[in-house]
$ cat query_17.txt   # compact mmCIF, C-alpha atoms
# COMPACT_ATOMS: atom_id res chain seq x y z
CA MET A 1 -30.60 10.97 1.72
CA LYS A 2 -28.61 14.18 2.23
CA GLY A 3 -25.12 12.74 2.18
CA LEU A 4 -23.15 9.51 2.08
CA ARG A 5 -19.86 8.78 3.78
CA LEU A 6 -17.12 9.51 1.29
CA ASP A 7 -15.45 6.11 1.65
CA LYS A 8 -18.78 4.42 1.06
CA TYR A 9 -19.51 6.62 -1.96
CA LEU A 10 -16.14 5.79 -3.55
CA TRP A 11 -16.86 2.10 -3.05
CA PHE A 12 -20.49 2.27 -4.25
CA ALA A 13 -19.44 4.29 -7.33
CA ARG A 14 -16.77 1.67 -8.08
CA LEU A 15 -13.96 4.20 -7.84
CA ALA A 16 -12.35 1.94 -5.20
CA LYS A 17 -12.37 -1.88 -5.21
CA SER A 18 -13.17 -2.07 -1.51
CA ARG A 19 -14.24 0.24 1.26
CA THR A 20 -10.90 -0.36 2.98
CA LEU A 21 -9.04 0.81 -0.14
CA ALA A 22 -11.31 3.86 -0.30
CA GLN A 23 -10.39 4.67 3.31
CA GLU A 24 -6.69 4.25 2.53
CA MET A 25 -7.00 6.61 -0.46
CA ILE A 26 -8.58 9.26 1.77
CA ASP A 27 -6.03 8.74 4.56
CA ALA A 28 -3.18 9.09 2.01
CA GLY A 29 -4.55 12.44 0.83
CA GLN A 30 -5.45 11.18 -2.67
CA VAL A 31 -8.94 12.68 -2.53
CA ARG A 32 -9.99 16.32 -2.68
CA MET A 33 -13.54 17.54 -2.24
CA ASP A 34 -14.34 20.90 -3.85
CA GLY A 35 -10.59 21.58 -4.03
CA GLU A 36 -9.86 20.80 -0.37
CA ARG A 37 -7.66 17.82 0.53
CA LEU A 38 -9.43 15.40 2.83
CA THR A 39 -8.10 13.09 5.49
CA ASN A 40 -11.46 12.60 7.16
CA ARG A 41 -12.89 9.35 5.81
CA HIS A 42 -16.34 10.00 7.22
CA ALA A 43 -16.75 13.31 5.38
CA GLU A 44 -20.04 13.32 3.48
CA ALA A 45 -20.28 13.22 -0.29
CA ARG A 46 -23.23 15.26 -1.53
CA VAL A 47 -24.83 15.82 -4.90
CA GLY A 48 -23.07 18.59 -6.83
CA GLN A 49 -19.69 18.25 -5.13
CA VAL A 50 -16.56 17.94 -7.23
CA LEU A 51 -14.11 15.19 -6.26
CA THR A 52 -10.51 15.13 -7.45
CA LEU A 53 -8.93 11.68 -7.18
CA THR A 54 -5.59 10.06 -7.84
CA ILE A 55 -6.35 6.42 -8.68
CA HIS A 56 -3.93 3.87 -10.16
CA GLY A 57 -1.51 6.57 -11.31
CA ARG A 58 -4.30 8.55 -12.98
CA PHE A 59 -5.79 11.92 -12.12
CA ARG A 60 -9.62 12.13 -12.26
CA VAL A 61 -12.09 14.94 -11.63
CA ILE A 62 -15.73 13.98 -11.19
CA ARG A 63 -18.98 15.64 -10.11
CA VAL A 64 -21.34 13.71 -7.84
CA GLU A 65 -24.69 13.47 -9.67
CA GLN A 66 -26.55 11.14 -7.30
CA LEU A 67 -25.92 9.11 -4.18
CA PRO A 68 -26.19 5.39 -4.92
CA ALA A 69 -28.13 3.26 -2.45
CA ARG A 70 -25.95 0.20 -3.06
CA ARG A 71 -22.88 -1.08 -4.87
CA GLY A 72 -24.58 -2.19 -8.04
CA PRO A 73 -23.39 -3.01 -11.54
CA ALA A 74 -20.81 -0.78 -13.23
CA ILE A 75 -23.38 0.97 -15.44
CA GLU A 76 -25.44 1.91 -12.37
CA ALA A 77 -22.32 3.06 -10.52
CA GLN A 78 -21.12 5.24 -13.42
CA SER A 79 -24.47 7.02 -13.53
CA SER A 80 -23.80 8.40 -10.04
CA TYR A 81 -21.08 10.77 -11.32
CA THR A 82 -20.00 12.78 -14.35
CA GLU A 83 -16.40 12.78 -15.50
CA ILE A 84 -15.35 16.45 -15.71
CA VAL A 85 -11.80 15.76 -16.82
CA ALA A 86 -10.98 12.55 -18.66
CA PRO A 87 -8.53 10.37 -16.70
CA GLN A 88 -5.02 11.66 -17.25
CA PRO A 89 -1.85 9.66 -16.53
CA ILE A 90 0.44 11.25 -13.99
CA ASP A 91 3.92 11.57 -15.46
CA ALA A 92 6.48 12.50 -12.80
CA ARG A 93 9.18 12.78 -15.46
CA LYS A 94 7.41 15.59 -17.26
CA SER A 95 8.76 19.01 -16.33
CA SER A 96 6.66 22.13 -16.15
CA ASP A 97 8.08 24.45 -18.80

$ encode --input "query_17.txt" --output "structure tokens"
Amino acid sequence: MKGLRLDKYLWFARLAKSRTLAQEMIDAGQVRMDGERLTNRHAEARVGQVLTLTIHGRFRVIRVEQLPARRGPAIEAQSSYTEIVAPQPIDARKSSD
């Protein structure tokens, strides 16, 4: 498998609770692939790509390690990516000094 639809990858990797929510995240511009903001929900996730996500008020950066064949248990899903930056809360009140 060369690539997997991004919305499907987010769902399989358990980064979104449903495929519909994954599509809404992409449509809202909450997902970047290799630094580029996406609005195309059928873009392909490929091994080695870096995804930047805003999920539940947290900022996450992950690298795709493998493309899962199904939405399996959490342990299996977590093995499909590596966390590059630990989830950070987004604090809108914080000013950039």

$ residues_around --input "query_17.txt" --residues "Thr20 (chain A)" --least-positions-apart "3" --cutoff "12 Å" --atoms "all atoms listed in the file" --output "list in words"
Leu6, Asp7, Lys8, Leu10, Trp11, Ala16, Lys17, Gln23, Glu24, Met25, Ile26, Asp27 and Arg41 of chain A

$ write_last_selection --input "query_17.txt" --atoms "C-alpha atoms" --output "mmCIF file, in the coordinates of the input"
data_model
loop_
_atom_site.group_PDB
_atom_site.id
_atom_site.type_symbol
_atom_site.label_atom_id
_atom_site.label_comp_id
_atom_site.auth_asym_id
_atom_site.auth_seq_id
_atom_site.Cartn_x
_atom_site.Cartn_y
_atom_site.Cartn_z
ATOM 1 C CA LEU A 6 -17.120 9.510 1.290
ATOM 2 C CA ASP A 7 -15.450 6.110 1.650
ATOM 3 C CA LYS A 8 -18.780 4.420 1.060
ATOM 4 C CA LEU A 10 -16.140 5.790 -3.550
ATOM 5 C CA TRP A 11 -16.860 2.100 -3.050
ATOM 6 C CA ALA A 16 -12.350 1.940 -5.200
ATOM 7 C CA LYS A 17 -12.370 -1.880 -5.210
ATOM 8 C CA GLN A 23 -10.390 4.670 3.310
ATOM 9 C CA GLU A 24 -6.690 4.250 2.530
ATOM 10 C CA MET A 25 -7.000 6.610 -0.460
ATOM 11 C CA ILE A 26 -8.580 9.260 1.770
ATOM 12 C CA ASP A 27 -6.030 8.740 4.560
ATOM 13 C CA ARG A 41 -12.890 9.350 5.810
#

$ closest_residue --input "query_17.txt" --among "A:Gln30, A:Val64, A:Ala13, A:Ala77" --to "Ala45 (chain A)" --atoms "only C-alpha atoms"
A:Val64

$ residues_near_point --input "query_17.txt" --point "(-12.0, 15.8, -15.4)" --cutoff "6 Å" --atoms "all atoms listed in the file" --output "PDB file with C-alpha atoms, in the coordinates of the input"
ATOM      1  CA  ARG A  60      -9.620  12.130 -12.260  1.00  0.00           C
ATOM      2  CA  VAL A  61     -12.090  14.940 -11.630  1.00  0.00           C
ATOM      3  CA  ILE A  62     -15.730  13.980 -11.190  1.00  0.00           C
ATOM      4  CA  GLU A  83     -16.400  12.780 -15.500  1.00  0.00           C
ATOM      5  CA  ILE A  84     -15.350  16.450 -15.710  1.00  0.00           C
ATOM      6  CA  VAL A  85     -11.800  15.760 -16.820  1.00  0.00           C
ATOM      7  CA  ALA A  86     -10.980  12.550 -18.660  1.00  0.00           C
TER       8      ALA A  86
END

$ atom_distance --input "query_17.txt" --atom1 "CA of Ala22 (chain A)" --atom2 "CA of His56 (chain A)"
12.3 Å

$ atom_distance --input "query_17.txt" --atom1 "CA of Leu67 (chain A)" --atom2 "CA of Leu21 (chain A)"
19.2 Å

$ atom_distance --input "query_17.txt" --atom1 "CA of Phe12 (chain A)" --atom2 "CA of Arg70 (chain A)"
6.0 Å

$ axis_aligned_box --input "query_17.txt" --around "region 17-20 of chain A" --padding-each-side "4 Å" --output "lines of an AutoDock Vina configuration file"
center_x = -12.6
center_y = -0.9
center_z = -1.1
size_x = 11.3
size_y = 10.3
size_z = 16.2

$ closest_residue --input "query_17.txt" --among "A:Arg19, A:Arg71, A:Arg14, A:Lys2" --to "Arg46 (chain A)" --atoms "all atoms listed in the file"
A:Lys2

$ closest_residue --input "query_17.txt" --among "A:Thr52, A:Thr39, A:Gln78, A:Ser18" --to "Glu65 (chain A)" --atoms "only C-alpha atoms"
A:Gln78

$ closest_residue --input "query_17.txt" --among "A:Leu38, A:Ala43, A:Tyr9, A:Val50" --to "Gly72 (chain A)" --atoms "only C-alpha atoms"
A:Tyr9

$ closest_residue --input "query_17.txt" --among "A:Leu4, A:Leu15, A:Leu51, A:Ile75" --to "Gly35 (chain A)" --atoms "only C-alpha atoms"
A:Leu51

$ decode --input "query_17.txt" --residues "region 13-51 of chain A" --atoms "N, CA and C atoms" --output "mmCIF file, in the first residue's frame"
data_model
loop_
_atom_site.group_PDB
_atom_site.id
_atom_site.type_symbol
_atom_site.label_atom_id
_atom_site.label_comp_id
_atom_site.auth_asym_id
_atom_site.auth_seq_id
_atom_site.Cartn_x
_atom_site.Cartn_y
_atom_site.Cartn_z
ATOM 1 N N ALA A 13 -5.672 5.414 13.053
ATOM 2 C CA ALA A 13 -4.632 5.656 14.060
ATOM 3 C C ALA A 13 -5.221 6.156 15.374
ATOM 4 N N ARG A 14 -6.536 6.244 15.427
ATOM 5 C CA ARG A 14 -7.265 6.679 16.628
ATOM 6 C C ARG A 14 -6.914 8.103 17.050
ATOM 7 N N LEU A 15 -6.633 8.941 16.045
ATOM 8 C CA LEU A 15 -6.417 10.361 16.296
ATOM 9 C C LEU A 15 -7.733 11.115 16.151
ATOM 10 N N ALA A 16 -8.743 10.453 15.595
ATOM 11 C CA ALA A 16 -10.105 10.984 15.484
ATOM 12 C C ALA A 16 -11.058 9.852 15.858
ATOM 13 N N LYS A 17 -12.134 10.200 16.571
ATOM 14 C CA LYS A 17 -13.081 9.175 17.040
ATOM 15 C C LYS A 17 -13.905 8.570 15.915
ATOM 16 N N SER A 18 -14.087 9.310 14.830
ATOM 17 C CA SER A 18 -14.829 8.782 13.692
ATOM 18 C C SER A 18 -14.226 9.356 12.417
ATOM 19 N N ARG A 19 -14.544 8.733 11.320
ATOM 20 C CA ARG A 19 -14.037 9.232 10.040
ATOM 21 C C ARG A 19 -14.663 10.585 9.714
ATOM 22 N N THR A 20 -15.905 10.769 10.098
ATOM 23 C CA THR A 20 -16.575 12.052 9.891
ATOM 24 C C THR A 20 -15.864 13.158 10.658
ATOM 25 N N LEU A 21 -15.484 12.895 11.903
ATOM 26 C CA LEU A 21 -14.745 13.893 12.688
ATOM 27 C C LEU A 21 -13.379 14.169 12.068
ATOM 28 N N ALA A 22 -12.744 13.143 11.528
ATOM 29 C CA ALA A 22 -11.461 13.329 10.846
ATOM 30 C C ALA A 22 -11.646 14.253 9.641
ATOM 31 N N GLN A 23 -12.718 14.049 8.888
ATOM 32 C CA GLN A 23 -12.993 14.901 7.728
ATOM 33 C C GLN A 23 -13.255 16.341 8.157
ATOM 34 N N GLU A 24 -13.974 16.512 9.263
ATOM 35 C CA GLU A 24 -14.252 17.860 9.769
ATOM 36 C C GLU A 24 -12.973 18.557 10.229
ATOM 37 N N MET A 25 -12.052 17.812 10.842
ATOM 38 C CA MET A 25 -10.769 18.381 11.260
ATOM 39 C C MET A 25 -9.994 18.893 10.043
ATOM 40 N N ILE A 26 -9.986 18.092 8.986
ATOM 41 C CA ILE A 26 -9.265 18.479 7.770
ATOM 42 C C ILE A 26 -9.938 19.691 7.139
ATOM 43 N N ASP A 27 -11.254 19.656 7.020
ATOM 44 C CA ASP A 27 -12.001 20.776 6.425
ATOM 45 C C ASP A 27 -11.787 22.074 7.200
ATOM 46 N N ALA A 28 -11.634 21.972 8.525
ATOM 47 C CA ALA A 28 -11.459 23.156 9.375
ATOM 48 C C ALA A 28 -10.014 23.670 9.359
ATOM 49 N N GLY A 29 -9.127 22.976 8.661
ATOM 50 C CA GLY A 29 -7.740 23.409 8.584
ATOM 51 C C GLY A 29 -6.922 23.065 9.810
ATOM 52 N N GLN A 30 -7.331 22.045 10.567
ATOM 53 C CA GLN A 30 -6.636 21.655 11.796
ATOM 54 C C GLN A 30 -5.527 20.648 11.545
ATOM 55 N N VAL A 31 -5.285 20.317 10.275
ATOM 56 C CA VAL A 31 -4.272 19.318 9.940
ATOM 57 C C VAL A 31 -3.297 19.898 8.921
ATOM 58 N N ARG A 32 -2.013 19.722 9.201
ATOM 59 C CA ARG A 32 -0.967 20.092 8.251
ATOM 60 C C ARG A 32 -0.169 18.843 7.928
ATOM 61 N N MET A 33 0.229 18.734 6.673
ATOM 62 C CA MET A 33 1.042 17.612 6.235
ATOM 63 C C MET A 33 2.351 18.169 5.708
ATOM 64 N N ASP A 34 3.450 17.800 6.343
ATOM 65 C CA ASP A 34 4.773 18.322 5.993
ATOM 66 C C ASP A 34 4.767 19.848 5.955
ATOM 67 N N GLY A 35 4.080 20.455 6.927
ATOM 68 C CA GLY A 35 4.052 21.901 7.079
ATOM 69 C C GLY A 35 3.020 22.634 6.238
ATOM 70 N N GLU A 36 2.315 21.941 5.381
ATOM 71 C CA GLU A 36 1.327 22.568 4.501
ATOM 72 C C GLU A 36 -0.089 22.283 4.994
ATOM 73 N N ARG A 37 -0.884 23.358 5.181
ATOM 74 C CA ARG A 37 -2.261 23.190 5.657
ATOM 75 C C ARG A 37 -3.091 22.487 4.587
ATOM 76 N N LEU A 38 -3.868 21.528 5.029
ATOM 77 C CA LEU A 38 -4.688 20.743 4.101
ATOM 78 C C LEU A 38 -6.158 21.068 4.261
ATOM 79 N N THR A 39 -6.867 21.044 3.165
ATOM 80 C CA THR A 39 -8.322 21.107 3.186
ATOM 81 C C THR A 39 -8.877 20.013 2.282
ATOM 82 N N ASN A 40 -7.989 19.189 1.783
ATOM 83 C CA ASN A 40 -8.350 18.120 0.872
ATOM 84 C C ASN A 40 -8.388 16.806 1.647
ATOM 85 N N ARG A 41 -9.579 16.355 2.004
ATOM 86 C CA ARG A 41 -9.696 15.192 2.886
ATOM 87 C C ARG A 41 -9.252 13.890 2.237
ATOM 88 N N HIS A 42 -9.129 13.867 0.919
ATOM 89 C CA HIS A 42 -8.661 12.626 0.304
ATOM 90 C C HIS A 42 -7.174 12.674 -0.060
ATOM 91 N N ALA A 43 -6.444 13.624 0.536
ATOM 92 C CA ALA A 43 -4.986 13.624 0.400
ATOM 93 C C ALA A 43 -4.471 12.317 0.994
ATOM 94 N N GLU A 44 -3.351 11.820 0.487
ATOM 95 C CA GLU A 44 -2.840 10.541 0.957
ATOM 96 C C GLU A 44 -1.778 10.704 2.031
ATOM 97 N N ALA A 45 -1.948 9.973 3.107
ATOM 98 C CA ALA A 45 -0.920 9.884 4.147
ATOM 99 C C ALA A 45 0.046 8.797 3.695
ATOM 100 N N ARG A 46 1.334 9.086 3.813
ATOM 101 C CA ARG A 46 2.365 8.128 3.422
ATOM 102 C C ARG A 46 3.391 7.990 4.538
ATOM 103 N N VAL A 47 4.066 6.882 4.557
ATOM 104 C CA VAL A 47 5.098 6.628 5.558
ATOM 105 C C VAL A 47 6.174 7.705 5.445
ATOM 106 N N GLY A 48 6.566 8.256 6.605
ATOM 107 C CA GLY A 48 7.605 9.269 6.650
ATOM 108 C C GLY A 48 7.090 10.694 6.700
ATOM 109 N N GLN A 49 5.828 10.894 6.390
ATOM 110 C CA GLN A 49 5.270 12.244 6.430
ATOM 111 C C GLN A 49 5.085 12.704 7.868
ATOM 112 N N VAL A 50 5.167 14.019 8.046
ATOM 113 C CA VAL A 50 4.968 14.619 9.355
ATOM 114 C C VAL A 50 3.613 15.317 9.349
ATOM 115 N N LEU A 51 2.773 14.971 10.315
ATOM 116 C CA LEU A 51 1.449 15.573 10.441
ATOM 117 C C LEU A 51 1.426 16.448 11.687
#
